[in-house]
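Engineer: PDB, C-alpha atoms, file data.pdb:
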ATOM      1  CA  MET A  23     -28.703 -33.184 -49.300  1.00  0.00           C
ATOM      2  CA  MET A  24     -28.388 -36.421 -51.246  1.00  0.00           C
ATOM      3  CA  ASP A  25     -31.397 -38.721 -51.598  1.00  0.00           C
ATOM      4  CA  ILE A  26     -29.664 -42.081 -51.159  1.00  0.00           C
ATOM      5  CA  GLN A  27     -32.591 -44.039 -52.620  1.00  0.00           C
ATOM      6  CA  LYS A  28     -32.568 -41.986 -55.825  1.00  0.00           C
ATOM      7  CA  GLU A  29     -28.810 -42.432 -56.075  1.00  0.00           C
ATOM      8  CA  ARG A  30     -29.148 -46.185 -55.581  1.00  0.00           C
ATOM      9  CA  GLU A  31     -31.753 -46.314 -58.367  1.00  0.00           C
ATOM     10  CA  ALA A  32     -29.488 -44.301 -60.673  1.00  0.00           C
ATOM     11  CA  PHE A  33     -26.584 -46.626 -59.841  1.00  0.00           C
ATOM     12  CA  GLU A  34     -28.646 -49.744 -60.542  1.00  0.00           C
ATOM     13  CA  HIS A  35     -29.988 -48.297 -63.791  1.00  0.00           C
ATOM     14  CA  HIS A  36     -26.425 -47.523 -64.840  1.00  0.00           C
ATOM     15  CA  LEU A  37     -25.312 -51.101 -64.163  1.00  0.00           C
ATOM     16  CA  THR A  38     -28.346 -52.398 -66.038  1.00  0.00           C
ATOM     17  CA  ASP A  39     -27.655 -50.091 -68.988  1.00  0.00           C
ATOM     18  CA  ILE A  40     -24.076 -51.307 -69.321  1.00  0.00           C
ATOM     19  CA  GLY A  41     -25.137 -54.948 -68.915  1.00  0.00           C
ATOM     20  CA  LEU A  42     -23.593 -55.831 -65.539  1.00  0.00           C
ATOM     21  CA  VAL A  43     -26.658 -56.970 -63.606  1.00  0.00           C
ATOM     22  CA  GLU A  44     -26.520 -60.695 -64.148  1.00  0.00           C
ATOM     23  CA  PHE A  45     -23.670 -61.822 -61.958  1.00  0.00           C
ATOM     24  CA  ALA A  46     -24.064 -65.144 -60.141  1.00  0.00           C
ATOM     25  CA  GLY A  47     -27.771 -64.601 -59.691  1.00  0.00           C
ATOM     26  CA  TYR A  48     -27.345 -61.903 -57.025  1.00  0.00           C
ATOM     27  CA  GLY A  49     -28.786 -59.023 -58.961  1.00  0.00           C
ATOM     28  CA  PHE A  50     -29.294 -56.097 -56.609  1.00  0.00           C
ATOM     29  CA  GLU A  51     -30.101 -57.951 -53.399  1.00  0.00           C
ATOM     30  CA  VAL A  52     -28.995 -56.221 -50.213  1.00  0.00           C
ATOM     31  CA  ASP A  53     -28.439 -57.504 -46.684  1.00  0.00           C
ATOM     32  CA  GLU A  54     -29.794 -56.139 -43.394  1.00  0.00           C
ATOM     33  CA  CYS A  55     -27.080 -53.431 -43.415  1.00  0.00           C
ATOM     34  CA  ASP A  56     -28.279 -52.275 -46.842  1.00  0.00           C
ATOM     35  CA  GLU A  57     -25.099 -53.522 -48.516  1.00  0.00           C
ATOM     36  CA  TYR A  58     -25.141 -55.463 -51.764  1.00  0.00           C
ATOM     37  CA  LEU A  59     -24.716 -59.229 -51.352  1.00  0.00           C
ATOM     38  CA  HIS A  60     -22.566 -59.361 -54.463  1.00  0.00           C
ATOM     39  CA  GLU A  61     -19.213 -57.953 -53.329  1.00  0.00           C
ATOM     40  CA  PRO A  62     -18.199 -56.405 -56.692  1.00  0.00           C
ATOM     41  CA  THR A  63     -21.547 -54.584 -56.756  1.00  0.00           C
ATOM     42  CA  GLN A  64     -20.906 -53.245 -53.243  1.00  0.00           C
ATOM     43  CA  VAL A  65     -17.427 -52.077 -54.266  1.00  0.00           C
ATOM     44  CA  ALA A  66     -18.921 -50.361 -57.318  1.00  0.00           C
ATOM     45  CA  TRP A  67     -21.616 -48.760 -55.124  1.00  0.00           C
ATOM     46  CA  ASP A  68     -19.014 -47.464 -52.666  1.00  0.00           C
ATOM     47  CA  SER A  69     -17.017 -46.032 -55.565  1.00  0.00           C
ATOM     48  CA  TRP A  70     -20.184 -44.456 -56.986  1.00  0.00           C
ATOM     49  CA  LEU A  71     -20.840 -42.681 -53.662  1.00  0.00           C
ATOM     50  CA  ILE A  72     -17.237 -41.504 -53.369  1.00  0.00           C
ATOM     51  CA  GLY A  73     -17.336 -40.108 -56.898  1.00  0.00           C
ATOM     52  CA  LEU A  74     -20.671 -38.461 -56.205  1.00  0.00           C
ATOM     53  CA  GLY A  75     -19.267 -36.833 -53.074  1.00  0.00           C
ATOM     54  CA  ARG A  76     -16.292 -35.478 -54.981  1.00  0.00           C
ATOM     55  CA  SER A  77     -18.428 -34.082 -57.784  1.00  0.00           C
ATOM     56  CA  LYS A  78     -20.768 -32.363 -55.320  1.00  0.00           C
ATOM     57  CA  ALA A  79     -17.824 -31.015 -53.333  1.00  0.00           C
ATOM     58  CA  GLN A  80     -16.331 -29.541 -56.494  1.00  0.00           C
ATOM     59  CA  ALA A  81     -19.636 -27.995 -57.575  1.00  0.00           C
ATOM     60  CA  VAL A  82     -18.953 -24.916 -55.419  1.00  0.00           C
ATOM     61  CA  PRO A  83     -15.420 -23.577 -55.800  1.00  0.00           C
ATOM     62  CA  GLU A  84     -13.500 -22.615 -52.692  1.00  0.00           C
ATOM     63  CA  GLY A  85     -14.254 -19.053 -51.638  1.00  0.00           C
ATOM     64  CA  PHE A  86     -17.814 -19.184 -53.017  1.00  0.00           C
ATOM     65  CA  VAL A  87     -21.180 -19.992 -51.484  1.00  0.00           C
ATOM     66  CA  LEU A  88     -24.522 -20.899 -52.993  1.00  0.00           C
ATOM     67  CA  VAL A  89     -27.234 -18.304 -52.507  1.00  0.00           C
ATOM     68  CA  GLN A  90     -30.721 -17.786 -53.846  1.00  0.00           C
ATOM     69  CA  LYS A  91     -30.951 -15.662 -56.980  1.00  0.00           C
ATOM     70  CA  GLU A  92     -33.255 -13.262 -55.170  1.00  0.00           C
ATOM     71  CA  LEU A  93     -32.710 -11.921 -51.677  1.00  0.00           C
ATOM     72  CA  PRO A  94     -35.473 -13.357 -49.462  1.00  0.00           C
ATOM     73  CA  GLU A  95     -37.713 -10.689 -47.939  1.00  0.00           C
ATOM     74  CA  THR A  96     -37.099 -11.889 -44.392  1.00  0.00           C
ATOM     75  CA  ILE A  97     -33.347 -11.470 -44.819  1.00  0.00           C
ATOM     76  CA  ALA A  98     -33.764  -8.074 -46.489  1.00  0.00           C
ATOM     77  CA  GLU A  99     -35.970  -6.932 -43.589  1.00  0.00           C
ATOM     78  CA  ALA A 100     -33.498  -8.165 -40.977  1.00  0.00           C
ATOM     79  CA  MET A 101     -30.612  -6.436 -42.756  1.00  0.00           C
ATOM     80  CA  ALA A 102     -32.612  -3.200 -43.091  1.00  0.00           C
ATOM     81  CA  LEU A 103     -33.445  -3.268 -39.382  1.00  0.00           C
ATOM     82  CA  GLU A 104     -29.725  -3.539 -38.599  1.00  0.00           C
ATOM     83  CA  ARG A 105     -28.853  -0.588 -40.827  1.00  0.00           C
ATOM     84  CA  VAL A 106     -31.580   1.961 -40.071  1.00  0.00           C
ATOM     85  CA  SER A 107     -31.516   3.751 -36.717  1.00  0.00           C
ATOM     86  CA  LYS A 108     -34.766   3.720 -34.787  1.00  0.00           C
ATOM     87  CA  PRO A 109     -35.897   7.183 -33.689  1.00  0.00           C
ATOM     88  CA  PHE A 110     -35.990   7.849 -29.983  1.00  0.00           C
ATOM     89  CA  GLY A 111     -36.414  10.706 -27.550  1.00  0.00           C
ATOM     90  CA  GLU A 112     -39.638  12.151 -28.927  1.00  0.00           C
ATOM     91  CA  THR A 113     -42.516  12.535 -26.495  1.00  0.00           C
ATOM     92  CA  ASP A 114     -44.871  14.748 -28.451  1.00  0.00           C
ATOM     93  CA  PRO A 115     -47.476  12.414 -30.042  1.00  0.00           C
ATOM     94  CA  VAL A 116     -47.389  14.319 -33.343  1.00  0.00           C
ATOM     95  CA  TRP A 117     -43.596  14.051 -33.596  1.00  0.00           C
ATOM     96  CA  VAL A 118     -43.694  10.388 -32.523  1.00  0.00           C
ATOM     97  CA  GLU A 119     -46.112   9.702 -35.386  1.00  0.00           C
ATOM     98  CA  ILE A 120     -43.962  11.653 -37.867  1.00  0.00           C
ATOM     99  CA  THR A 121     -40.708   9.970 -36.804  1.00  0.00           C
ATOM    100  CA  GLU A 122     -42.336   6.512 -36.927  1.00  0.00           C
ATOM    101  CA  LYS A 123     -43.555   7.224 -40.470  1.00  0.00           C
ATOM    102  CA  VAL A 124     -40.076   8.409 -41.503  1.00  0.00           C
ATOM    103  CA  TYR A 125     -38.535   5.332 -39.860  1.00  0.00           C
ATOM    104  CA  LYS A 126     -40.863   2.963 -41.747  1.00  0.00           C
ATOM    105  CA  ASP A 127     -40.136   4.791 -45.014  1.00  0.00           C
ATOM    106  CA  ARG A 128     -36.386   4.500 -44.398  1.00  0.00           C
ATOM    107  CA  LEU A 129     -36.727   0.783 -43.666  1.00  0.00           C
ATOM    108  CA  LEU A 130     -38.620   0.255 -46.913  1.00  0.00           C
ATOM    109  CA  SER A 131     -36.094   2.327 -48.828  1.00  0.00           C
ATOM    110  CA  LYS A 132     -33.189   0.375 -47.312  1.00  0.00           C
ATOM    111  CA  LYS A 133     -34.893  -2.927 -48.159  1.00  0.00           C
ATOM    112  CA  TRP A 134     -35.260  -1.855 -51.815  1.00  0.00           C
ATOM    113  CA  GLU A 135     -31.636  -0.720 -51.834  1.00  0.00           C
ATOM    114  CA  LEU A 136     -30.521  -4.104 -50.498  1.00  0.00           C
ATOM    115  CA  TRP A 137     -32.600  -5.945 -53.124  1.00  0.00           C
ATOM    116  CA  ARG A 138     -31.161  -3.745 -55.890  1.00  0.00           C
ATOM    117  CA  ASP A 139     -27.563  -4.265 -54.731  1.00  0.00           C
ATOM    118  CA  TYR A 140     -28.073  -8.009 -54.282  1.00  0.00           C
ATOM    119  CA  LYS A 141     -29.562  -8.307 -57.766  1.00  0.00           C
ATOM    120  CA  ALA A 142     -26.647  -6.329 -59.232  1.00  0.00           C
ATOM    121  CA  MET A 143     -24.174  -8.613 -57.437  1.00  0.00           C
ATOM    122  CA  ILE A 144     -25.839 -11.767 -58.787  1.00  0.00           C
ATOM    123  CA  GLU A 145     -25.993 -10.344 -62.326  1.00  0.00           C
ATOM    124  CA  ALA A 146     -22.324  -9.315 -62.199  1.00  0.00           C
ATOM    125  CA  GLN A 147     -21.350 -12.825 -61.084  1.00  0.00           C
ATOM    126  CA  GLU A 148     -23.436 -14.435 -63.843  1.00  0.00           C
ATOM    127  CA  GLN A 149     -21.816 -12.228 -66.492  1.00  0.00           C
ATOM    128  CA  GLY A 150     -18.356 -13.108 -65.190  1.00  0.00           C
ATOM    129  CA  GLN A 151     -18.843 -16.850 -65.748  1.00  0.00           C
TER     130      GLN A 151
END
Is it possible to express this structure as structure tokens?
Structural biologist:
Amino acid sequence: MMDIQKEREAFEHHLTDIGLVEFAGYGFEVDECDEYLHEPTQVAWDSWLIGLGRSKAQAVPEGFVLVQKELPETIAEAMALERVSKPFGETDPVWVEITEKVYKDRLLSKKWELWRDYKAMIEAQEQGQ
């Protein structure tokens, strides 16, 4: 999400750097609607925001999404839970304990598999750039 105050500061610094701040004594004064009193400055600000929106929109090509470089543990756990069948039907306490241990081991194994595959996917994408 865009921090509008930081963008406004960057915009004003840009206008200062190129020497356009001293127009009719208005400087960077804004009204109660947070619009610049000097109309050309407001037009430039609006254009700045439009250009910023376009550049951010183009930062992620169509058909792609931004993801973290590493698969978060909570997501890996949720995905593992979806993919590993929970044992059921055992009533003997010894077998219940054994099947629960096997189930937990399978969950852990699936989580590591998901992390490995995710990492391989990210690395393949980085190499393809």
Engineer: For this file, the PyMOL selection byres ((chain A and resi 25-28) around 12) selects which residues, as JSON, numbers by chain?
Structural biologist: {"A": [23, 24, 29, 30, 31, 32, 33, 34, 35, 56, 67, 70, 71, 74, 75]}
Engineer: Output the residue selection produced by the PyMOL selection byres ((chain A and resi 119-126) around 12) on the file above, formatted as a PyMOL selection string.
Structural biologist: chain A and resi 99+102-103+105-118+127-133
Engineer: Atom CA of Pro94 of chain A and atom CA of Ala146 of chain A are how many Å apart?
Structural biologist: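 Atom CA of Ala146 of chain A lies at a distance of 18.7 Å from atom CA of Pro94 of chain A.
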Engineer: One decimal, Å: what's the distance from atom CA of Leu136 of chain A over to atom CA of Ala98 of chain A, could you say?
Structural biologist: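 Computed distance, atom CA of Leu136 of chain A to atom CA of Ala98 of chain A, equals 6.5 Å.
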Engineer: Which residue, A:Ala142, A:Gly150, A:Ile40, A:Gln64, has the smallest gap to Val52 of chain A when you use all atoms listed in the file?
Structural biologist: A:Gln64
Engineer: Would you work out the distance separating atom CA of Glu84 of chain A from atom CA of Thr96 of chain A, expressed in Å to one decimal?
Structural biologist: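 Taking atom CA of Glu84 of chain A and atom CA of Thr96 of chain A, their separation equals 27.2 Å.
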